[in-house]
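Text of entry_23.txt, listed as compact mmCIF, C-alpha atoms and all ligand atoms:
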```txt
# COMPACT_ATOMS: atom_id res chain seq x y z
CA MET A 1 0.00 0.00 0.00
CA SER A 2 1.31 3.44 -0.92
CA PRO A 3 2.48 5.53 2.05
CA VAL A 4 -0.16 7.85 3.51
CA LEU A 5 1.10 11.38 2.88
CA PRO A 6 -0.54 14.75 3.63
CA SER A 7 -2.04 16.61 0.68
CA ALA A 8 -0.43 19.74 -0.73
CA SER A 9 -3.18 21.87 0.81
CA VAL A 10 -2.59 20.38 4.27
CA LEU A 11 1.17 20.80 3.88
CA GLY A 12 0.68 24.38 2.71
CA ALA A 13 -1.35 25.25 5.78
CA ARG A 14 1.32 23.68 7.99
CA ALA A 15 4.05 25.59 6.13
CA PHE A 16 2.36 28.95 6.51
CA ALA A 17 1.66 28.33 10.17
CA ALA A 18 5.31 27.45 10.79
CA LEU A 19 6.51 30.48 8.79
CA ALA A 20 4.27 32.72 10.87
CA GLY A 21 5.97 31.37 13.97
CA LEU A 22 9.48 31.70 12.55
CA ASN A 23 8.96 35.18 11.15
CA ARG A 24 8.07 36.66 14.54
CA PHE A 25 11.83 37.02 15.04
CA SER A 26 13.29 40.19 13.55
CA ASP A 27 15.96 42.71 14.53
CA GLU A 28 13.76 45.56 13.30
CA PRO A 29 10.19 45.99 14.55
CA GLY A 30 7.71 46.12 11.67
CA LYS A 31 10.23 44.74 9.20
CA LEU A 32 11.82 41.33 8.64
CA THR A 33 15.54 41.85 9.24
CA ARG A 34 17.36 38.83 10.69
CA LEU A 35 21.10 39.21 10.28
CA TYR A 36 23.69 36.54 10.97
CA LEU A 37 24.40 36.12 14.73
CA SER A 38 21.88 38.78 15.75
CA PRO A 39 19.45 38.33 18.67
CA ALA A 40 16.68 37.59 16.14
CA HIS A 41 18.87 34.96 14.49
CA ARG A 42 19.36 33.29 17.87
CA GLN A 43 15.61 33.30 18.56
CA ALA A 44 14.90 31.94 15.07
CA ALA A 45 17.54 29.24 15.53
CA GLU A 46 15.99 28.13 18.82
CA PHE A 47 12.52 28.06 17.21
CA THR A 48 13.87 26.05 14.28
CA LYS A 49 15.62 23.58 16.59
CA GLY A 50 12.33 23.04 18.41
CA ALA A 51 10.43 22.52 15.16
CA MET A 52 13.03 19.97 14.04
CA GLU A 53 12.61 18.07 17.31
CA VAL A 54 8.83 18.00 16.91
CA ALA A 55 9.43 16.50 13.45
CA GLY A 56 11.45 13.69 15.02
CA LEU A 57 14.95 14.99 14.28
CA THR A 58 17.79 15.14 16.77
CA ALA A 59 18.74 18.81 16.52
CA PHE A 60 21.44 21.19 17.70
CA ILE A 61 22.78 24.65 16.94
CA ASP A 62 26.29 24.16 15.61
CA ALA A 63 29.55 26.03 16.20
CA ALA A 64 28.98 28.36 13.22
CA GLY A 65 25.37 29.13 14.14
CA SER A 66 23.51 26.78 11.78
CA VAL A 67 20.76 24.51 13.10
CA GLN A 68 21.29 20.88 12.17
CA GLY A 69 18.65 18.17 12.56
CA ARG A 70 19.14 14.46 11.77
CA ARG A 71 17.21 11.21 11.86
CA GLU A 72 19.29 8.08 11.38
CA GLY A 73 18.53 5.44 8.76
CA PRO A 74 18.30 1.69 9.52
CA ARG A 75 21.64 1.94 11.31
CA PRO A 76 23.61 4.91 12.67
CA GLY A 77 26.15 6.81 10.61
CA LEU A 78 24.80 6.22 7.11
CA PRO A 79 25.25 8.91 4.44
CA ALA A 80 22.49 11.52 4.61
CA VAL A 81 20.12 13.22 2.27
CA VAL A 82 20.27 16.82 3.46
CA ILE A 83 17.45 19.30 2.87
CA GLY A 84 18.63 22.82 3.62
CA SER A 85 18.28 26.53 3.21
CA HIS A 86 18.84 29.64 5.35
CA ILE A 87 17.05 31.59 8.10
CA ASP A 88 19.04 34.80 7.84
CA THR A 89 17.45 37.54 5.74
CA VAL A 90 18.40 40.77 4.02
CA ARG A 91 17.36 44.05 5.67
CA ASP A 92 13.60 44.56 5.39
CA GLY A 93 13.41 41.30 3.50
CA GLY A 94 10.71 38.87 2.51
CA ARG A 95 9.10 36.10 4.57
CA TYR A 96 9.97 33.23 2.22
CA ASP A 97 13.55 33.69 0.96
CA GLY A 98 15.41 30.89 2.78
CA ASN A 99 12.80 30.43 5.51
CA LEU A 100 10.49 28.48 3.18
CA GLY A 101 13.22 25.96 2.35
CA VAL A 102 13.99 25.24 5.98
CA ILE A 103 10.32 24.79 6.90
CA ALA A 104 9.81 22.63 3.81
CA GLY A 105 12.61 20.32 4.94
CA ILE A 106 11.19 20.03 8.44
CA LEU A 107 7.66 19.28 7.18
CA ALA A 108 8.99 16.72 4.71
CA ALA A 109 10.92 14.94 7.47
CA GLN A 110 7.83 15.01 9.70
CA ALA A 111 5.54 13.55 7.00
CA ILE A 112 8.00 10.75 6.18
CA ARG A 113 8.26 9.89 9.89
CA ASP A 114 4.48 10.02 10.34
CA ALA A 115 4.01 7.67 7.36
CA GLY A 116 6.28 5.17 9.12
CA ILE A 117 8.67 5.08 6.18
CA VAL A 118 12.17 3.73 6.82
CA LEU A 119 14.64 5.37 4.45
CA PRO A 120 17.86 3.60 3.40
CA PHE A 121 19.85 6.70 4.39
CA ALA A 122 19.88 9.28 7.17
CA LEU A 123 17.71 12.36 6.64
CA GLU A 124 18.92 15.79 7.70
CA VAL A 125 17.51 19.29 7.68
CA VAL A 126 19.89 22.25 8.02
CA ALA A 127 19.05 25.91 8.64
CA PHE A 128 22.10 27.90 7.56
CA GLY A 129 22.67 31.31 9.15
CA ASP A 130 24.86 33.37 6.78
CA GLU A 131 23.61 32.95 3.25
CA GLU A 132 22.77 36.60 2.63
CA THR A 133 26.23 37.88 3.60
CA VAL A 134 24.61 41.17 4.63
CA ARG A 135 26.30 41.75 7.99
CA PHE A 136 29.87 40.53 7.45
CA PRO A 137 32.01 40.43 4.25
CA THR A 138 31.88 36.63 4.03
CA SER A 139 30.49 34.27 1.41
CA LEU A 140 28.03 31.50 2.30
CA SER A 141 30.09 31.03 5.47
CA THR A 142 27.87 28.57 7.37
CA SER A 143 27.26 26.21 4.45
CA SER A 144 30.96 26.57 3.59
CA ALA A 145 31.66 25.27 7.12
CA LEU A 146 29.80 22.03 6.35
CA ALA A 147 31.52 21.85 2.97
CA GLY A 148 34.95 22.20 4.57
CA HIS A 149 35.64 25.50 2.78
CA TYR A 150 35.39 27.89 5.73
CA ASP A 151 37.86 30.77 5.38
CA ALA A 152 39.36 31.37 8.83
CA ALA A 153 39.95 35.03 7.84
CA TRP A 154 36.18 35.53 7.99
CA LEU A 155 36.44 35.30 11.79
CA ASP A 156 38.43 38.55 11.80
CA SER A 157 36.01 40.42 9.51
CA ARG A 158 33.97 43.29 10.91
CA ASP A 159 30.41 44.47 10.42
CA ALA A 160 29.49 48.12 9.73
CA ASP A 161 29.62 48.84 13.48
CA GLY A 162 33.12 47.38 13.81
CA VAL A 163 31.97 44.21 15.58
CA VAL A 164 34.34 41.32 14.82
CA LEU A 165 32.63 38.14 13.55
CA ARG A 166 34.53 35.97 16.07
CA ASP A 167 33.20 38.04 18.98
CA ALA A 168 29.65 38.05 17.60
CA LEU A 169 29.81 34.27 17.19
CA VAL A 170 30.90 33.75 20.81
CA ALA A 171 28.19 36.12 22.04
CA PHE A 172 25.66 34.16 19.93
CA GLY A 173 26.72 30.95 21.63
CA GLY A 174 28.82 29.62 18.78
CA ASP A 175 32.37 28.30 18.92
CA PRO A 176 34.99 29.67 16.51
CA ALA A 177 37.36 26.82 17.43
CA GLY A 178 34.68 24.26 16.62
CA ILE A 179 33.99 25.37 13.05
CA ALA A 180 36.65 23.28 11.34
CA ALA A 181 35.15 20.12 12.86
CA LEU A 182 31.84 20.82 11.11
CA ALA A 183 33.32 19.84 7.75
CA ARG A 184 31.62 16.68 6.46
CA PRO A 185 33.93 13.87 5.26
CA PRO A 186 33.65 12.82 1.60
CA GLY A 187 30.64 10.56 1.04
CA ALA A 188 28.86 11.66 4.21
CA ILE A 189 26.17 13.44 2.19
CA ARG A 190 24.36 11.45 -0.49
CA ALA A 191 22.48 14.48 -1.80
CA TYR A 192 21.76 18.09 -0.92
CA LEU A 193 18.28 19.38 -1.84
CA GLU A 194 16.94 22.90 -1.42
CA VAL A 195 13.49 24.40 -1.88
CA HIS A 196 13.56 28.13 -2.63
CA ILE A 197 11.28 30.76 -4.09
CA GLU A 198 12.36 31.59 -7.63
CA GLN A 199 12.90 35.28 -6.85
CA GLY A 200 12.16 35.88 -10.52
CA PRO A 201 9.12 36.09 -12.82
CA VAL A 202 9.46 33.00 -15.04
CA LEU A 203 7.34 30.40 -13.23
CA GLU A 204 4.49 32.83 -12.59
CA ALA A 205 4.58 34.05 -16.22
CA GLU A 206 4.34 30.45 -17.47
CA GLY A 207 1.69 29.37 -14.96
CA GLU A 208 4.03 26.87 -13.29
CA ALA A 209 3.98 26.26 -9.53
CA VAL A 210 7.47 24.72 -9.40
CA GLY A 211 10.60 24.41 -11.50
CA ILE A 212 13.98 22.68 -11.41
CA VAL A 213 17.20 24.71 -11.25
CA THR A 214 19.76 23.78 -13.92
CA THR A 215 22.63 26.00 -12.81
CA ILE A 216 23.35 28.89 -10.44
CA ASN A 217 25.00 31.97 -11.92
CA ALA A 218 28.56 33.01 -11.08
CA GLN A 219 28.89 36.07 -8.84
CA CYS A 220 31.46 38.45 -7.37
CA ARG A 221 31.12 41.04 -4.61
CA ALA A 222 33.61 43.71 -3.58
CA ARG A 223 33.99 46.66 -1.28
CA VAL A 224 35.15 49.87 -2.95
CA ARG A 225 36.67 52.85 -1.13
CA VAL A 226 37.09 56.21 -2.88
CA THR A 227 39.15 58.86 -1.06
CA GLY A 228 39.10 62.54 -2.08
CA GLU A 229 39.32 65.72 0.01
CA ALA A 230 36.63 66.88 2.40
CA GLY A 231 35.91 70.60 2.14
CA HIS A 232 33.48 73.39 2.79
CA ALA A 233 30.49 73.09 0.44
CA GLY A 234 30.31 76.85 0.15
CA THR A 235 33.89 77.80 -0.45
CA VAL A 236 35.75 75.12 -2.41
CA PRO A 237 35.56 76.03 -6.12
CA MET A 238 34.28 73.21 -8.35
CA ALA A 239 37.55 73.12 -10.32
CA LEU A 240 39.56 72.50 -7.15
CA ARG A 241 37.42 69.74 -5.66
CA LYS A 242 38.37 66.12 -5.11
CA ASP A 243 34.78 65.09 -4.45
CA ALA A 244 34.72 61.40 -3.47
CA LEU A 245 30.97 61.11 -3.89
CA THR A 246 30.67 62.36 -7.46
CA ALA A 247 33.60 60.12 -8.39
CA ALA A 248 31.86 57.12 -6.75
CA ALA A 249 28.61 58.04 -8.47
CA GLU A 250 30.35 57.97 -11.86
CA MET A 251 31.75 54.55 -10.95
CA ALA A 252 28.28 53.27 -10.06
CA LEU A 253 27.04 54.34 -13.48
CA ALA A 254 30.09 52.71 -15.06
CA LEU A 255 29.21 49.41 -13.33
CA GLU A 256 25.70 49.67 -14.75
CA ALA A 257 27.08 50.20 -18.26
CA ILE A 258 29.52 47.28 -17.90
CA ALA A 259 26.68 44.97 -16.80
CA VAL A 260 24.51 46.03 -19.73
CA ALA A 261 27.42 45.36 -22.09
CA HIS A 262 27.99 41.75 -20.91
CA ASP A 263 25.85 38.72 -21.83
CA GLN A 264 22.93 38.18 -19.37
CA ALA A 265 24.96 40.01 -16.69
CA VAL A 266 23.75 42.13 -13.79
CA GLY A 267 25.56 44.73 -11.68
CA THR A 268 24.38 46.40 -8.48
CA VAL A 269 25.60 49.03 -6.04
CA GLY A 270 23.59 48.22 -2.92
CA VAL A 271 25.51 49.98 -0.15
CA PHE A 272 26.73 53.58 -0.58
CA ARG A 273 28.16 55.40 2.45
CA PRO A 274 29.55 58.94 2.02
CA ASP A 275 31.86 60.28 4.73
CA PRO A 276 31.21 62.46 6.70
CA GLY A 277 27.69 62.59 5.21
CA ALA A 278 26.90 66.22 6.05
CA THR A 279 24.92 68.60 3.84
CA ASN A 280 27.56 71.32 3.79
CA VAL A 281 30.67 69.15 3.47
CA VAL A 282 32.21 67.98 0.20
CA PRO A 283 32.47 64.21 0.83
CA GLY A 284 36.05 63.23 1.58
CA ALA A 285 35.45 59.52 1.17
CA VAL A 286 32.84 57.00 0.06
CA GLU A 287 32.58 53.27 0.86
CA PHE A 288 30.32 51.33 -1.50
CA THR A 289 29.72 47.73 -2.54
CA ILE A 290 29.51 46.19 -5.99
CA ASP A 291 27.74 42.91 -6.78
CA PHE A 292 28.05 41.57 -10.31
CA ARG A 293 26.90 38.27 -11.79
CA ALA A 294 26.49 36.32 -15.02
CA PRO A 295 25.71 32.74 -16.12
CA LEU A 296 29.37 32.13 -16.99
CA GLY A 297 32.38 32.56 -14.71
CA GLU A 298 34.49 33.94 -17.54
CA THR A 299 31.95 36.73 -18.06
CA VAL A 300 32.29 37.73 -14.39
CA THR A 301 36.08 37.67 -14.79
CA ALA A 302 35.84 39.94 -17.85
CA MET A 303 33.51 42.27 -15.95
CA GLU A 304 35.96 42.52 -13.07
CA ALA A 305 38.74 43.54 -15.47
CA ALA A 306 36.48 46.17 -17.08
CA ILE A 307 35.47 47.48 -13.65
CA ARG A 308 39.08 47.87 -12.53
CA ALA A 309 39.98 49.67 -15.77
CA ARG A 310 37.00 52.05 -15.75
CA PHE A 311 37.11 52.82 -12.02
CA GLY A 312 40.86 53.43 -12.29
CA GLU A 313 40.39 55.86 -15.18
CA ILE A 314 37.66 57.76 -13.29
CA ALA A 315 39.83 57.98 -10.15
CA ALA A 316 42.86 59.21 -12.09
CA ARG A 317 40.86 61.85 -13.97
CA ARG A 318 39.24 63.12 -10.78
CA GLY A 319 42.38 62.94 -8.63
CA VAL A 320 40.88 60.63 -5.99
CA GLY A 321 42.20 57.46 -4.36
CA LEU A 322 40.66 54.06 -5.15
CA GLU A 323 40.68 50.71 -3.39
CA ILE A 324 38.69 47.69 -4.69
CA VAL A 325 38.60 44.72 -2.30
CA PRO A 326 36.74 41.61 -3.58
CA TYR A 327 35.38 39.56 -0.67
CA SER A 328 33.11 37.02 -2.31
CA ARG A 329 33.55 35.01 -5.50
CA GLU A 330 31.28 32.06 -6.36
CA GLU A 331 31.69 30.14 -9.59
CA ALA A 332 28.77 29.15 -11.82
CA THR A 333 27.38 25.99 -10.20
CA PRO A 334 25.60 23.36 -12.30
CA MET A 335 23.03 21.28 -10.40
CA ALA A 336 23.44 17.48 -10.35
CA ALA A 337 21.65 15.86 -13.30
CA GLU A 338 20.72 12.75 -11.25
CA LEU A 339 18.99 14.91 -8.65
CA GLN A 340 17.28 17.05 -11.28
CA GLU A 341 15.76 13.79 -12.59
CA ALA A 342 14.73 12.77 -9.07
CA LEU A 343 13.02 16.16 -8.63
CA ALA A 344 11.26 15.64 -11.99
CA ALA A 345 10.02 12.26 -10.74
CA GLY A 346 8.91 13.89 -7.48
CA ILE A 347 7.03 16.55 -9.42
CA ALA A 348 5.35 13.91 -11.60
CA ARG A 349 4.20 11.98 -8.52
CA THR A 350 2.85 15.17 -6.96
CA GLY A 351 0.53 16.29 -9.72
CA SER A 352 -0.17 15.59 -13.38
CA ASN A 353 -0.80 19.29 -13.86
CA LEU A 354 2.75 20.11 -12.82
CA SER A 355 5.68 20.23 -15.22
CA ALA A 356 9.40 19.86 -14.60
CA ARG A 357 10.31 23.28 -16.02
CA ARG A 358 14.08 23.77 -16.03
CA LEU A 359 15.54 27.21 -15.39
CA PRO A 360 18.77 28.87 -14.18
CA SER A 361 19.13 30.79 -10.92
CA GLY A 362 20.34 34.40 -11.01
CA ALA A 363 20.32 34.41 -7.21
CA GLY A 364 23.01 32.73 -5.17
CA HIS A 365 22.21 29.95 -2.69
CA ASP A 366 23.81 27.70 -0.08
CA ALA A 367 23.55 24.97 -2.71
CA MET A 368 26.64 26.58 -4.33
CA ALA A 369 28.72 25.75 -1.25
CA MET A 370 27.19 22.29 -0.77
CA ALA A 371 27.75 21.38 -4.44
CA ARG A 372 31.49 21.42 -3.68
CA ILE A 373 31.17 18.23 -1.62
CA CYS A 374 28.07 16.39 -2.84
CA PRO A 375 25.46 16.30 -5.60
CA ALA A 376 23.12 19.27 -5.12
CA ALA A 377 19.81 20.33 -6.65
CA MET A 378 17.16 22.96 -6.10
CA LEU A 379 13.41 23.14 -6.49
CA PHE A 380 12.12 26.62 -7.34
CA VAL A 381 8.66 27.72 -6.28
CA ARG A 382 6.58 30.45 -7.93
CA CYS A 383 6.47 33.80 -6.15
CA GLU A 384 4.28 36.78 -6.95
CA LYS A 385 5.70 39.02 -9.70
CA GLY A 386 9.09 37.49 -8.96
CA ILE A 387 9.56 40.03 -6.18
CA SER A 388 12.14 39.20 -3.49
CA HIS A 389 14.52 40.92 -1.07
CA SER A 390 11.48 43.06 -0.33
CA PRO A 391 8.60 43.06 2.17
CA LEU A 392 6.36 42.64 -0.89
CA GLU A 393 7.69 39.08 -1.39
CA ALA A 394 4.63 36.81 -1.58
CA MET A 395 3.53 33.30 -2.59
CA SER A 396 0.46 31.10 -2.26
CA GLU A 397 -0.08 28.64 0.56
CA LEU A 398 -0.93 25.92 -1.95
CA ASP A 399 2.34 26.45 -3.87
CA ALA A 400 4.21 26.09 -0.59
CA GLY A 401 2.36 22.82 0.03
CA ILE A 402 3.09 21.58 -3.49
CA ALA A 403 6.79 22.26 -2.93
CA VAL A 404 6.81 20.31 0.34
CA ARG A 405 5.00 17.40 -1.28
CA VAL A 406 7.47 17.40 -4.19
CA MET A 407 10.33 17.33 -1.69
CA ILE A 408 8.77 14.33 0.10
CA GLU A 409 8.24 12.49 -3.18
CA THR A 410 11.81 13.30 -4.28
CA VAL A 411 13.28 11.86 -1.09
CA LEU A 412 11.16 8.71 -1.59
CA GLU A 413 12.36 8.55 -5.20
CA LEU A 414 15.98 8.59 -4.02
CA ALA A 415 15.13 5.92 -1.44
CA ARG A 416 13.64 3.68 -4.15
CA ARG A 417 16.73 4.26 -6.31
CA ASP A 418 18.82 3.13 -3.33
CA GLY A 419 16.84 -0.10 -3.08
CA ALA A 420 14.16 0.71 -0.51
CA ALA A 421 10.88 -1.14 -1.08
CA ILE A 422 8.54 1.85 -0.84
CA PRO A 423 5.27 1.22 -2.69
CA GLY A 424 3.75 3.93 -4.79
O1 LIG A 501 22.09 37.67 -3.23
C1 LIG A 501 21.72 36.52 -3.46
O2 LIG A 501 21.79 36.06 -4.58
C2 LIG A 501 21.15 35.67 -2.36
O3 LIG A 501 19.83 36.06 -2.13
N1 LIG A 501 21.91 35.82 -1.15
MN MN A 502 17.92 32.83 -0.37
MN MN A 503 18.28 36.24 -0.51
```
Can the structure from this file be put into structure tokens for me?
Ligand code: HGY
Ligand code: MN
Ligand code: MN
Amino acid sequence: MSPVLPSASVLGARAFAALAGLNRFSDEPGKLTRLYLSPAHRQAAEFTKGAMEVAGLTAFIDAAGSVQGRREGPRPGLPAVVIGSHIDTVRDGGRYDGNLGVIAGILAAQAIRDAGIVLPFALEVVAFGDEETVRFPTSLSTSSALAGHYDAAWLDSRDADGVVLRDALVAFGGDPAGIAALARPPGAIRAYLEVHIEQGPVLEAEGEAVGIVTTINAQCRARVRVTGEAGHAGTVPMALRKDALTAAAEMALALEAIAVAHDQAVGTVGVFRPDPGATNVVPGAVEFTIDFRAPLGETVTAMEAAIRARFGEIAARRGVGLEIVPYSREEATPMAAELQEALAAGIARTGSNLSARRLPSGAGHDAMAMARICPAAMLFVRCEKGISHSPLEAMSELDAGIAVRVMIETVLELARRDGAAIPG
């Protein structure tokens, strides 16, 4: 007899109820801002640990601040299928980016346990804590810890208030010295799966609830510092100014032009901090960030060369200093073909009206870090107008339930492929 599994509508209601609980925790009242190692992150991690335990997982908050939950297979220590995503958010972010994937994993684990299904592997759910890389200049640091690619220099990085990551981690209850031990040995993870809103318009435009990610675009992020000469806004003649802000503004427009000129590329200046930031002072310095991406790694490399050339020319012409410090570089990451097929089978078992639409991801994900040590794949879920990294991020309860059900069916598909006798 086929396993008794909850319907997509039941799973959707459970998902939205759990998200309502999780999204109570924010560092900014009235907005959803949950930065890595913040008080809200700690509260969210505790909530997530509790939800994992209710789902039958043995859970703990690890040395880097991720929440890990695990249920053993027929005997302890077997390789695991890991379902993961992140519970940190951008500032004033959406309710579903990352959070949905963690809740989906927990609900899938719970439904498989409730159906009395014995999987031929361990099942894990992981809630990473530093996917957005908003607070510290790191790059997927908590999933990199599991992948054995944690850069120890990240521990000495500082946030905008000068707080050192190492100190914030200790205050959070983490353990800098315990991070290296989080690295999983080769073969310990059979597959990494992630559910995530698409954060783009394709699925909605095509009337598809879910889709399968083929590859994740390459990306690079850097901090840029422009140094000119502060001066009195009323007395320094225009011809004598070394205005750091107008130089930085010209560089921001140059980044935009470089992105437009490269195939399917994007370029963004998201942080822009003039110093001293006073109405009547010619800015002496500006710190800003650049984020540029493209489907191919070589395109990102070409963009970086163009950025250095154009920014250097602008700085020389305007007589200002320039420092470009890259802090995050992720290569284009293809998703495992075997797992894409398992997701397609999971979609087919979930609903005949669903299709296995393939599409690339312009957004970065923890799956990029996990793909370094195991096969990884992602299920995209439709979101309204493709809006994300915004409080306007929205999706339907039923689509959330469909995604959870697809994740359940995909895990069962992998179990069957590994020899488990699961009817259906
Ligand atoms: O920026 C990104 O691509 C991801 O949302 N952190
Ligand atoms: Mn995300
Ligand atoms: Mn995001």
Residues near A:Ala278, anyone? I mean within 12 Å using only C-alpha atoms, not counting same-chain ones fewer than 5 positions away, as a JSON list (two decimals) with C-alpha atoms, in the frame of the given file.
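Saved as around-v4.json:
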```
[["chain", "number", "residue", "atom", "x", "y", "z"],
["A", 230, "ALA", "CA", 36.63, 66.88, 2.40],
["A", 231, "GLY", "CA", 35.91, 70.60, 2.14],
["A", 232, "HIS", "CA", 33.48, 73.39, 2.79],
["A", 233, "ALA", "CA", 30.49, 73.09, 0.44],
["A", 245, "LEU", "CA", 30.97, 61.11, -3.89],
["A", 273, "ARG", "CA", 28.16, 55.40, 2.45],
["A", 283, "PRO", "CA", 32.47, 64.21, 0.83],
["A", 284, "GLY", "CA", 36.05, 63.23, 1.58],
["A", 285, "ALA", "CA", 35.45, 59.52, 1.17]]
```
Checklist entry - Could you state the separation of atom CA of A:Ala127 and atom CA of A:Asn99 in Å, given to one decimal place? => result 8.3 Å
Next on the checklist: At a cut-off of 8 Å around ligand MN 503 (chain A), and using only C-alpha atoms and all ligand atoms, what residues come up? Please write them as a list of chain:residue names.
Outcome noted: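 The residues near ligand MN 503 (chain A) are A:Thr89, A:Val90, A:Asp97, A:Gly98, A:Glu131, A:Glu132, A:Ala363, A:Gly364, A:His365, A:Ser388, A:His389.
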Within 12 Å of ligand MN 502 (chain A), which residues of chain A come that close, and what is the closest atom pair and distance in Å for each? Count all atoms listed in the file and give it as CSV.
```
residue,atom,partner,partner_atom,distance
A:Gly84,CA,A:MN502,MN,10.8
A:Ser85,CA,A:MN502,MN,7.3
A:His86,CA,A:MN502,MN,6.6
A:Ile87,CA,A:MN502,MN,8.6
A:Asp88,CA,A:MN502,MN,8.5
A:Thr89,CA,A:MN502,MN,7.7
A:Val90,CA,A:MN502,MN,9.1
A:Gly93,CA,A:MN502,MN,10.3
A:Gly94,CA,A:MN502,MN,9.8
A:Arg95,CA,A:MN502,MN,10.6
A:Tyr96,CA,A:MN502,MN,8.4
A:Asp97,CA,A:MN502,MN,4.6
A:Gly98,CA,A:MN502,MN,4.5
A:Asn99,CA,A:MN502,MN,8.2
A:Leu100,CA,A:MN502,MN,9.3
A:Gly101,CA,A:MN502,MN,8.8
A:Val102,CA,A:MN502,MN,10.6
A:Ala127,CA,A:MN502,MN,11.4
A:Phe128,CA,A:MN502,MN,10.2
A:Gly129,CA,A:MN502,MN,10.7
A:Asp130,CA,A:MN502,MN,10.0
A:Glu131,CA,A:MN502,MN,6.7
A:Glu132,CA,A:MN502,MN,6.8
A:Thr133,CA,A:MN502,MN,10.5
A:Val134,CA,A:MN502,MN,11.8
A:Leu140,CA,A:MN502,MN,10.5
A:Glu194,CA,A:MN502,MN,10.0
A:Val195,CA,A:MN502,MN,9.6
A:His196,CA,A:MN502,MN,6.8
A:Ile197,CA,A:MN502,MN,7.9
A:Glu198,CA,A:MN502,MN,9.2
A:Gln199,CA,A:MN502,MN,8.6
A:Ser361,CA,A:MN502,MN,10.8
A:Gly362,CA,A:MN502,MN,11.0
A:Ala363,CA,A:MN502,MN,7.4
A:Gly364,CA,A:MN502,MN,7.0
A:His365,CA,A:MN502,MN,5.7
A:Asp366,CA,A:MN502,MN,7.8
A:Ala367,CA,A:MN502,MN,9.9
A:Met368,CA,A:MN502,MN,11.4
A:Met378,CA,A:MN502,MN,11.4
A:Phe380,CA,A:MN502,MN,11.0
A:Ser388,CA,A:MN502,MN,9.1
A:His389,CA,A:MN502,MN,8.8
```
Using C-alpha atoms, can you export the residues from the last selection as an mmCIF file, in the frame of the given file?
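Contents of result.cif, as written:
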```cif
data_model
loop_
_atom_site.group_PDB
_atom_site.id
_atom_site.type_symbol
_atom_site.label_atom_id
_atom_site.label_comp_id
_atom_site.auth_asym_id
_atom_site.auth_seq_id
_atom_site.Cartn_x
_atom_site.Cartn_y
_atom_site.Cartn_z
ATOM 1 C CA GLY A 84 18.630 22.820 3.620
ATOM 2 C CA SER A 85 18.280 26.530 3.210
ATOM 3 C CA HIS A 86 18.840 29.640 5.350
ATOM 4 C CA ILE A 87 17.050 31.590 8.100
ATOM 5 C CA ASP A 88 19.040 34.800 7.840
ATOM 6 C CA THR A 89 17.450 37.540 5.740
ATOM 7 C CA VAL A 90 18.400 40.770 4.020
ATOM 8 C CA GLY A 93 13.410 41.300 3.500
ATOM 9 C CA GLY A 94 10.710 38.870 2.510
ATOM 10 C CA ARG A 95 9.100 36.100 4.570
ATOM 11 C CA TYR A 96 9.970 33.230 2.220
ATOM 12 C CA ASP A 97 13.550 33.690 0.960
ATOM 13 C CA GLY A 98 15.410 30.890 2.780
ATOM 14 C CA ASN A 99 12.800 30.430 5.510
ATOM 15 C CA LEU A 100 10.490 28.480 3.180
ATOM 16 C CA GLY A 101 13.220 25.960 2.350
ATOM 17 C CA VAL A 102 13.990 25.240 5.980
ATOM 18 C CA ALA A 127 19.050 25.910 8.640
ATOM 19 C CA PHE A 128 22.100 27.900 7.560
ATOM 20 C CA GLY A 129 22.670 31.310 9.150
ATOM 21 C CA ASP A 130 24.860 33.370 6.780
ATOM 22 C CA GLU A 131 23.610 32.950 3.250
ATOM 23 C CA GLU A 132 22.770 36.600 2.630
ATOM 24 C CA THR A 133 26.230 37.880 3.600
ATOM 25 C CA VAL A 134 24.610 41.170 4.630
ATOM 26 C CA LEU A 140 28.030 31.500 2.300
ATOM 27 C CA GLU A 194 16.940 22.900 -1.420
ATOM 28 C CA VAL A 195 13.490 24.400 -1.880
ATOM 29 C CA HIS A 196 13.560 28.130 -2.630
ATOM 30 C CA ILE A 197 11.280 30.760 -4.090
ATOM 31 C CA GLU A 198 12.360 31.590 -7.630
ATOM 32 C CA GLN A 199 12.900 35.280 -6.850
ATOM 33 C CA SER A 361 19.130 30.790 -10.920
ATOM 34 C CA GLY A 362 20.340 34.400 -11.010
ATOM 35 C CA ALA A 363 20.320 34.410 -7.210
ATOM 36 C CA GLY A 364 23.010 32.730 -5.170
ATOM 37 C CA HIS A 365 22.210 29.950 -2.690
ATOM 38 C CA ASP A 366 23.810 27.700 -0.080
ATOM 39 C CA ALA A 367 23.550 24.970 -2.710
ATOM 40 C CA MET A 368 26.640 26.580 -4.330
ATOM 41 C CA MET A 378 17.160 22.960 -6.100
ATOM 42 C CA PHE A 380 12.120 26.620 -7.340
ATOM 43 C CA SER A 388 12.140 39.200 -3.490
ATOM 44 C CA HIS A 389 14.520 40.920 -1.070
#
```
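The residue set within 7 Å of stretch 402-411 of chain A, counting all atoms listed in the file and dropping same-chain residues fewer than 3 places from it, reads Ala8, Leu11, Ala104, Leu107, Ala108, Val210, Ala342, Leu343, Ala345, Gly346, Ile347, Arg349, Thr350, Val381, Leu398, Asp399, Leu414 and Ala415 of chain A.
Using only C-alpha atoms and all ligand atoms, the nearest neighbour of ligand LIG 501 (chain A) within the list A:Thr138, A:Thr235, A:Ser355, A:Ser396 is A:Thr138.
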Checklist entry - A:Arg416, A:Arg91, A:Arg42, A:Arg158: which is nearest ligand LIG 501 (chain A), counting only C-alpha atoms and all ligand atoms? => result A:Arg91
